[in-house]
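Dropping upload-v5.txt in here (compact mmCIF, N, CA and C atoms):
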```
# COMPACT_ATOMS: atom_id res chain seq x y z
N MET A 1 -51.29 46.05 67.38
CA MET A 1 -51.36 47.48 67.21
C MET A 1 -52.81 47.95 67.37
N VAL A 2 -52.96 49.19 67.69
CA VAL A 2 -54.27 49.77 67.99
C VAL A 2 -54.65 50.77 66.91
N VAL A 3 -55.92 50.80 66.58
CA VAL A 3 -56.46 51.83 65.70
C VAL A 3 -57.22 52.80 66.60
N ARG A 4 -56.79 54.05 66.61
CA ARG A 4 -57.47 55.09 67.40
C ARG A 4 -57.98 56.15 66.45
N LEU A 5 -59.26 56.39 66.51
CA LEU A 5 -59.89 57.44 65.73
C LEU A 5 -60.44 58.46 66.71
N THR A 6 -59.77 59.61 66.82
CA THR A 6 -60.13 60.55 67.87
C THR A 6 -61.09 61.64 67.43
N LYS A 7 -61.06 62.01 66.19
CA LYS A 7 -61.95 63.07 65.70
C LYS A 7 -63.06 62.45 64.87
N THR A 8 -63.91 61.69 65.54
CA THR A 8 -64.99 61.00 64.85
C THR A 8 -66.33 61.56 65.29
N ILE A 9 -67.28 61.49 64.39
CA ILE A 9 -68.63 61.98 64.64
C ILE A 9 -69.61 60.85 64.34
N ILE A 10 -70.62 60.72 65.18
CA ILE A 10 -71.71 59.80 64.86
C ILE A 10 -72.57 60.52 63.84
N GLU A 11 -72.43 60.10 62.60
CA GLU A 11 -73.10 60.80 61.50
C GLU A 11 -74.61 60.53 61.50
N SER A 12 -74.98 59.30 61.78
CA SER A 12 -76.41 58.97 61.79
C SER A 12 -76.68 57.74 62.63
N ILE A 13 -77.91 57.68 63.13
CA ILE A 13 -78.44 56.49 63.80
C ILE A 13 -79.81 56.25 63.19
N ASP A 14 -79.90 55.20 62.39
CA ASP A 14 -81.12 54.94 61.63
C ASP A 14 -81.75 53.61 62.02
N ASP A 15 -83.06 53.53 61.80
CA ASP A 15 -83.77 52.28 61.99
C ASP A 15 -83.38 51.31 60.89
N THR A 16 -83.47 50.04 61.18
CA THR A 16 -83.25 49.00 60.18
C THR A 16 -84.57 48.29 59.92
N ASP A 17 -84.56 47.35 59.01
CA ASP A 17 -85.77 46.57 58.74
C ASP A 17 -86.11 45.67 59.91
N THR A 18 -85.11 45.34 60.72
CA THR A 18 -85.32 44.49 61.89
C THR A 18 -85.80 45.35 63.06
N LYS A 19 -86.85 44.92 63.69
CA LYS A 19 -87.43 45.66 64.81
C LYS A 19 -86.43 45.79 65.95
N ARG A 20 -86.35 46.96 66.56
CA ARG A 20 -85.49 47.28 67.70
C ARG A 20 -84.00 47.14 67.39
N LEU A 21 -83.64 47.34 66.14
CA LEU A 21 -82.23 47.31 65.74
C LEU A 21 -81.91 48.61 65.02
N LYS A 22 -80.78 49.22 65.35
CA LYS A 22 -80.36 50.49 64.76
C LYS A 22 -79.07 50.30 63.98
N LEU A 23 -78.88 51.14 62.97
CA LEU A 23 -77.65 51.16 62.19
C LEU A 23 -76.95 52.48 62.47
N ILE A 24 -75.76 52.40 63.03
CA ILE A 24 -74.99 53.58 63.41
C ILE A 24 -73.87 53.77 62.39
N ARG A 25 -73.72 54.99 61.93
CA ARG A 25 -72.64 55.34 60.99
C ARG A 25 -71.74 56.36 61.67
N ILE A 26 -70.47 55.97 61.83
CA ILE A 26 -69.47 56.81 62.50
C ILE A 26 -68.41 57.18 61.46
N VAL A 27 -68.09 58.47 61.38
CA VAL A 27 -67.18 58.96 60.33
C VAL A 27 -66.05 59.77 60.94
N SER A 28 -64.84 59.53 60.45
CA SER A 28 -63.67 60.34 60.77
C SER A 28 -63.11 60.87 59.46
N LYS A 29 -63.42 62.11 59.14
CA LYS A 29 -62.96 62.68 57.87
C LYS A 29 -61.45 62.86 57.87
N ASP A 30 -60.87 63.22 59.02
CA ASP A 30 -59.42 63.42 59.10
C ASP A 30 -58.66 62.13 58.79
N GLU A 31 -59.17 61.00 59.27
CA GLU A 31 -58.49 59.72 59.11
C GLU A 31 -59.02 58.93 57.92
N GLY A 32 -60.06 59.44 57.26
CA GLY A 32 -60.63 58.73 56.13
C GLY A 32 -61.27 57.42 56.52
N ALA A 33 -61.94 57.40 57.67
CA ALA A 33 -62.53 56.15 58.17
C ALA A 33 -64.05 56.27 58.26
N VAL A 34 -64.71 55.16 57.93
CA VAL A 34 -66.16 55.05 58.07
C VAL A 34 -66.45 53.72 58.75
N ILE A 35 -67.24 53.77 59.80
CA ILE A 35 -67.63 52.57 60.53
C ILE A 35 -69.15 52.49 60.53
N THR A 36 -69.68 51.33 60.18
CA THR A 36 -71.11 51.09 60.33
C THR A 36 -71.28 49.93 61.30
N LEU A 37 -72.25 50.08 62.17
CA LEU A 37 -72.43 49.13 63.26
C LEU A 37 -73.91 48.94 63.52
N GLU A 38 -74.35 47.69 63.54
CA GLU A 38 -75.72 47.38 63.93
C GLU A 38 -75.74 47.13 65.43
N LEU A 39 -76.70 47.76 66.11
CA LEU A 39 -76.83 47.59 67.56
C LEU A 39 -78.30 47.53 67.95
N PRO A 40 -78.62 46.81 69.02
CA PRO A 40 -79.97 46.87 69.57
C PRO A 40 -80.25 48.28 70.10
N GLU A 41 -81.51 48.70 70.03
CA GLU A 41 -81.89 50.03 70.51
C GLU A 41 -81.38 50.33 71.91
N VAL A 42 -81.46 49.36 72.79
CA VAL A 42 -81.09 49.56 74.18
C VAL A 42 -79.62 49.97 74.33
N LEU A 43 -78.75 49.50 73.46
CA LEU A 43 -77.33 49.87 73.52
C LEU A 43 -77.05 51.22 72.87
N CYS A 44 -78.04 51.77 72.18
CA CYS A 44 -77.87 53.06 71.51
C CYS A 44 -78.31 54.24 72.36
N GLU A 45 -78.82 53.98 73.54
CA GLU A 45 -79.37 55.06 74.37
C GLU A 45 -78.34 56.11 74.74
N THR A 46 -77.08 55.74 74.86
CA THR A 46 -76.04 56.72 75.22
C THR A 46 -75.40 57.38 74.00
N LEU A 47 -75.82 56.97 72.80
CA LEU A 47 -75.26 57.50 71.57
C LEU A 47 -76.28 58.39 70.87
N LYS A 48 -75.82 59.52 70.34
CA LYS A 48 -76.71 60.43 69.64
C LYS A 48 -76.05 60.91 68.35
N ALA A 49 -76.85 61.12 67.33
CA ALA A 49 -76.32 61.63 66.07
C ALA A 49 -75.63 62.97 66.30
N ASN A 50 -74.55 63.19 65.61
CA ASN A 50 -73.71 64.40 65.67
C ASN A 50 -72.86 64.50 66.93
N ASP A 51 -72.85 63.47 67.78
CA ASP A 51 -71.96 63.45 68.94
C ASP A 51 -70.53 63.19 68.47
N ALA A 52 -69.59 63.90 69.09
CA ALA A 52 -68.17 63.62 68.85
C ALA A 52 -67.77 62.47 69.78
N VAL A 53 -67.14 61.46 69.23
CA VAL A 53 -66.72 60.29 70.00
C VAL A 53 -65.31 59.91 69.60
N ALA A 54 -64.68 59.11 70.43
CA ALA A 54 -63.38 58.50 70.11
C ALA A 54 -63.61 57.01 69.97
N VAL A 55 -63.04 56.42 68.93
CA VAL A 55 -63.19 54.99 68.67
C VAL A 55 -61.82 54.34 68.75
N THR A 56 -61.74 53.24 69.48
CA THR A 56 -60.50 52.48 69.58
C THR A 56 -60.79 51.04 69.21
N MET A 57 -59.94 50.47 68.35
CA MET A 57 -60.07 49.07 67.95
C MET A 57 -58.72 48.40 68.14
N ASP A 58 -58.74 47.19 68.68
CA ASP A 58 -57.50 46.45 68.91
C ASP A 58 -57.78 44.96 68.81
N LYS A 59 -56.73 44.19 68.59
CA LYS A 59 -56.89 42.75 68.55
C LYS A 59 -56.73 42.12 69.92
N LYS A 60 -56.41 42.94 70.92
CA LYS A 60 -56.28 42.47 72.31
C LYS A 60 -57.31 43.19 73.17
N GLU A 61 -57.64 42.57 74.30
CA GLU A 61 -58.59 43.19 75.22
C GLU A 61 -58.06 44.53 75.70
N MET A 62 -59.00 45.45 75.95
CA MET A 62 -58.64 46.79 76.43
C MET A 62 -59.41 47.07 77.71
N LYS A 63 -58.88 47.99 78.47
CA LYS A 63 -59.64 48.46 79.62
C LYS A 63 -60.74 49.37 79.09
N LYS A 64 -61.94 49.13 79.56
CA LYS A 64 -63.08 49.90 79.07
C LYS A 64 -62.97 51.36 79.44
N GLY A 65 -62.58 51.63 80.66
CA GLY A 65 -62.55 53.01 81.11
C GLY A 65 -63.93 53.45 81.56
N GLU A 66 -63.96 54.41 82.42
CA GLU A 66 -65.23 54.89 82.97
C GLU A 66 -66.05 55.67 81.95
N LYS A 67 -65.40 56.22 80.96
CA LYS A 67 -66.10 57.08 80.02
C LYS A 67 -66.61 56.33 78.78
N SER A 68 -66.43 55.05 78.74
CA SER A 68 -66.84 54.30 77.55
C SER A 68 -68.36 54.24 77.44
N LYS A 69 -68.83 54.53 76.26
CA LYS A 69 -70.26 54.43 75.98
C LYS A 69 -70.60 53.02 75.50
N LEU A 70 -69.60 52.36 74.91
CA LEU A 70 -69.82 51.02 74.40
C LEU A 70 -68.50 50.28 74.34
N TYR A 71 -68.49 49.03 74.78
CA TYR A 71 -67.30 48.18 74.71
C TYR A 71 -67.76 46.80 74.29
N MET A 72 -67.16 46.26 73.24
CA MET A 72 -67.58 44.93 72.81
C MET A 72 -66.45 44.18 72.14
N GLU A 73 -66.64 42.88 72.10
CA GLU A 73 -65.71 41.99 71.41
C GLU A 73 -66.38 41.49 70.14
N GLY A 74 -65.61 41.49 69.07
CA GLY A 74 -66.15 41.04 67.80
C GLY A 74 -65.27 40.00 67.16
N LYS A 75 -65.73 39.51 66.02
CA LYS A 75 -64.99 38.51 65.26
C LYS A 75 -64.79 39.05 63.84
N VAL A 76 -63.54 39.07 63.40
CA VAL A 76 -63.21 39.54 62.06
C VAL A 76 -63.43 38.40 61.07
N PHE A 77 -64.22 38.66 60.03
CA PHE A 77 -64.48 37.64 59.02
C PHE A 77 -63.65 37.84 57.77
N ARG A 78 -63.54 39.08 57.35
CA ARG A 78 -62.84 39.30 56.08
C ARG A 78 -62.20 40.69 56.07
N THR A 79 -61.01 40.77 55.53
CA THR A 79 -60.36 42.05 55.28
C THR A 79 -59.92 42.07 53.83
N SER A 80 -60.00 43.24 53.24
CA SER A 80 -59.49 43.41 51.88
C SER A 80 -58.65 44.67 51.87
N GLU A 81 -57.51 44.56 51.24
CA GLU A 81 -56.57 45.67 51.21
C GLU A 81 -56.30 46.08 49.78
N GLY A 82 -55.97 47.28 49.62
CA GLY A 82 -55.58 47.92 48.37
C GLY A 82 -55.20 49.31 48.81
N ASP A 83 -55.72 50.30 48.14
CA ASP A 83 -55.53 51.66 48.64
C ASP A 83 -56.34 51.87 49.92
N ASP A 84 -57.45 51.16 50.03
CA ASP A 84 -58.31 51.24 51.21
C ASP A 84 -58.28 49.91 51.95
N LEU A 85 -58.54 49.97 53.25
CA LEU A 85 -58.68 48.77 54.07
C LEU A 85 -60.17 48.62 54.37
N ASN A 86 -60.74 47.49 54.04
CA ASN A 86 -62.14 47.21 54.31
C ASN A 86 -62.23 45.96 55.17
N VAL A 87 -62.94 46.07 56.27
CA VAL A 87 -63.06 44.98 57.23
C VAL A 87 -64.53 44.67 57.46
N ILE A 88 -64.86 43.39 57.42
CA ILE A 88 -66.21 42.94 57.77
C ILE A 88 -66.06 42.08 59.02
N ALA A 89 -66.81 42.45 60.05
CA ALA A 89 -66.74 41.74 61.32
C ALA A 89 -68.14 41.65 61.91
N THR A 90 -68.26 40.91 63.00
CA THR A 90 -69.51 40.88 63.75
C THR A 90 -69.21 41.18 65.20
N ALA A 91 -70.18 41.75 65.86
CA ALA A 91 -70.11 41.99 67.30
C ALA A 91 -71.44 41.52 67.88
N GLY A 92 -71.41 40.49 68.66
CA GLY A 92 -72.64 39.93 69.20
C GLY A 92 -73.57 39.40 68.12
N GLY A 93 -73.00 38.94 67.02
CA GLY A 93 -73.80 38.43 65.93
C GLY A 93 -74.32 39.49 64.98
N LEU A 94 -74.04 40.76 65.25
CA LEU A 94 -74.49 41.85 64.40
C LEU A 94 -73.34 42.40 63.58
N ARG A 95 -73.63 42.94 62.44
CA ARG A 95 -72.63 43.38 61.46
C ARG A 95 -71.88 44.64 61.90
N LEU A 96 -70.57 44.61 61.68
CA LEU A 96 -69.68 45.74 61.92
C LEU A 96 -68.78 45.85 60.70
N THR A 97 -68.76 47.01 60.05
CA THR A 97 -67.86 47.20 58.92
C THR A 97 -66.98 48.42 59.21
N VAL A 98 -65.74 48.31 58.77
CA VAL A 98 -64.77 49.38 58.94
C VAL A 98 -64.09 49.61 57.60
N SER A 99 -64.03 50.86 57.19
CA SER A 99 -63.33 51.21 55.96
C SER A 99 -62.38 52.36 56.29
N ILE A 100 -61.09 52.18 55.97
CA ILE A 100 -60.08 53.20 56.23
C ILE A 100 -59.33 53.46 54.92
N SER A 101 -59.33 54.71 54.49
CA SER A 101 -58.59 55.03 53.27
C SER A 101 -57.14 55.31 53.64
N LYS A 102 -56.25 54.79 52.86
CA LYS A 102 -54.81 54.92 53.07
C LYS A 102 -54.39 54.53 54.49
N PRO A 103 -54.64 53.28 54.89
CA PRO A 103 -54.30 52.84 56.24
C PRO A 103 -52.79 52.69 56.42
N THR A 104 -52.35 52.86 57.66
CA THR A 104 -50.95 52.63 57.99
C THR A 104 -50.74 51.12 58.17
N ALA A 105 -49.49 50.72 58.20
CA ALA A 105 -49.18 49.30 58.42
C ALA A 105 -49.69 48.85 59.79
N ALA A 106 -49.58 49.72 60.78
CA ALA A 106 -50.06 49.38 62.13
C ALA A 106 -51.57 49.18 62.13
N GLN A 107 -52.30 50.02 61.40
CA GLN A 107 -53.74 49.86 61.33
C GLN A 107 -54.11 48.54 60.66
N LYS A 108 -53.39 48.16 59.64
CA LYS A 108 -53.67 46.90 58.94
C LYS A 108 -53.47 45.69 59.85
N THR A 109 -52.42 45.70 60.67
CA THR A 109 -52.13 44.54 61.53
C THR A 109 -53.16 44.38 62.64
N THR A 110 -53.91 45.42 62.96
CA THR A 110 -54.96 45.31 63.98
C THR A 110 -55.99 44.27 63.59
N PHE A 111 -56.20 44.11 62.30
CA PHE A 111 -57.26 43.23 61.82
C PHE A 111 -56.75 41.90 61.29
N ASP A 112 -55.50 41.54 61.60
CA ASP A 112 -54.94 40.30 61.06
C ASP A 112 -55.23 39.06 61.91
N THR A 113 -56.01 39.20 62.95
CA THR A 113 -56.46 38.04 63.73
C THR A 113 -57.98 37.95 63.63
N ASP A 114 -58.55 36.93 64.21
CA ASP A 114 -60.00 36.79 64.11
C ASP A 114 -60.76 37.55 65.20
N LYS A 115 -60.09 38.07 66.21
CA LYS A 115 -60.75 38.81 67.28
C LYS A 115 -60.55 40.31 67.10
N LEU A 116 -61.57 41.06 67.53
CA LEU A 116 -61.52 42.51 67.47
C LEU A 116 -62.23 43.06 68.70
N PHE A 117 -61.57 43.95 69.41
CA PHE A 117 -62.16 44.63 70.55
C PHE A 117 -62.42 46.07 70.13
N PHE A 118 -63.59 46.59 70.47
CA PHE A 118 -64.09 47.84 69.94
C PHE A 118 -64.63 48.69 71.08
N VAL A 119 -64.17 49.95 71.18
CA VAL A 119 -64.61 50.85 72.25
C VAL A 119 -65.04 52.17 71.64
N ILE A 120 -66.19 52.67 72.08
CA ILE A 120 -66.63 54.03 71.75
C ILE A 120 -66.64 54.81 73.04
N GLN A 121 -65.91 55.92 73.03
CA GLN A 121 -65.87 56.78 74.22
C GLN A 121 -66.39 58.16 73.89
```
Would you write the structure of this file as structure tokens?
Amino acid sequence: MVVRLTKTIIESIDDTDTKRLKLIRIVSKDEGAVITLELPEVLCETLKANDAVAVTMDKKEMKKGEKSKLYMEGKVFRTSEGDDLNVIATAGGLRLTVSISKPTAAQKTTFDTDKLFFVIQ
């Protein structure tokens, strides 16, 4: 199953303690989702704070599409469920966290394997 977050905003792009590494915070208030992603500066050039973006996550490979700003494969390390779904993953060795409040069953199954494909459009 696929997780699609269509009404998301890049809330912030901040420097980290590591040189040339940025921390991106993406928020979807409608879906109750927050994504934080560490990326090298060079991969952040097409992303700007307050940009509206669409985020798609799946456990299978996806077509990137011509409009994709970022496409990557990650590894899921841990998921915790309750009222909220919290996922800790890595993409290229860098930290990716996903938090979804009141997730659907389909959203939960997206993270039940060790692979995660992530697209920002």
>> So, with only C-alpha atoms as the atoms that count, which of A:Asp17, A:Ala89, A:Glu11, A:Val34 lies closest to Leu47 of chain A?
In response: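 Ranked by minimum distance to Leu47 of chain A, first place goes to A:Glu11.
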> Interatomic distance between atom CA of Gly82 of chain A and atom N of Pro103 of chain A?
Replying inline: 8.5 Å
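When atom C of Thr8 of chain A is paired with atom C of Thr90 of chain A, their separation reads 20.6 Å.
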> Smallest atom-to-atom distance to Asp30 of chain A: which of A:Ile9, A:Thr110, A:Val76, A:Thr18, using only C-alpha atoms?
Replying inline: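 Ranked by minimum distance to Asp30 of chain A, first place goes to A:Ile9.
One finds atom C of Ile13 of chain A at 27.9 Å from atom C of Lys60 of chain A.
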>> I need the alpha helix (DSSP H) residues of chain A per DSSP on the backbone, written as a PyMOL selection string.
In response: chain A and resi 105-110
>> When you count all atoms listed in the file, which of these residues is closest to Ser101 of chain A: A:Ala33, A:Ile24, A:Met1, A:Ala54?
In response: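 Selected residue with least distance to Ser101 of chain A: A:Ala33.
Minimum atom-to-atom distances from A:Val53, A:Val87, A:Ala106, A:Leu96 to Ile120 of chain A were compared using only C-alpha atoms, and the lowest value belongs to A:Val53.
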> Leaving out Arg20 of chain A and any residue of its chain fewer than 4 positions from it, which residues lie within 6 Å of it when counting all atoms listed in the file, given as a list in words?
Replying inline: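 The residues satisfying every condition are Leu39, Pro40 and Glu41 of chain A.
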Would you compute an axis-aligned box for segment 50-63 of chain A, covering every atom listed for it in the file with 3 Å of margin on each side, and report centre and edge lengths in Å to one decimal as JSON?
```
{"center_x": -65.4, "center_y": 53.3, "center_z": 72.6, "size_x": 24.3, "size_y": 28.4, "size_z": 20.0}
```
>> Using only N, CA and C atoms - which residues lie no farther than 8 Å from the point (-54.2, 45.8, 52.6) in the file's frame? Write them as an NGL selection string.
In response: :A and (79-86 or 103 or 108)
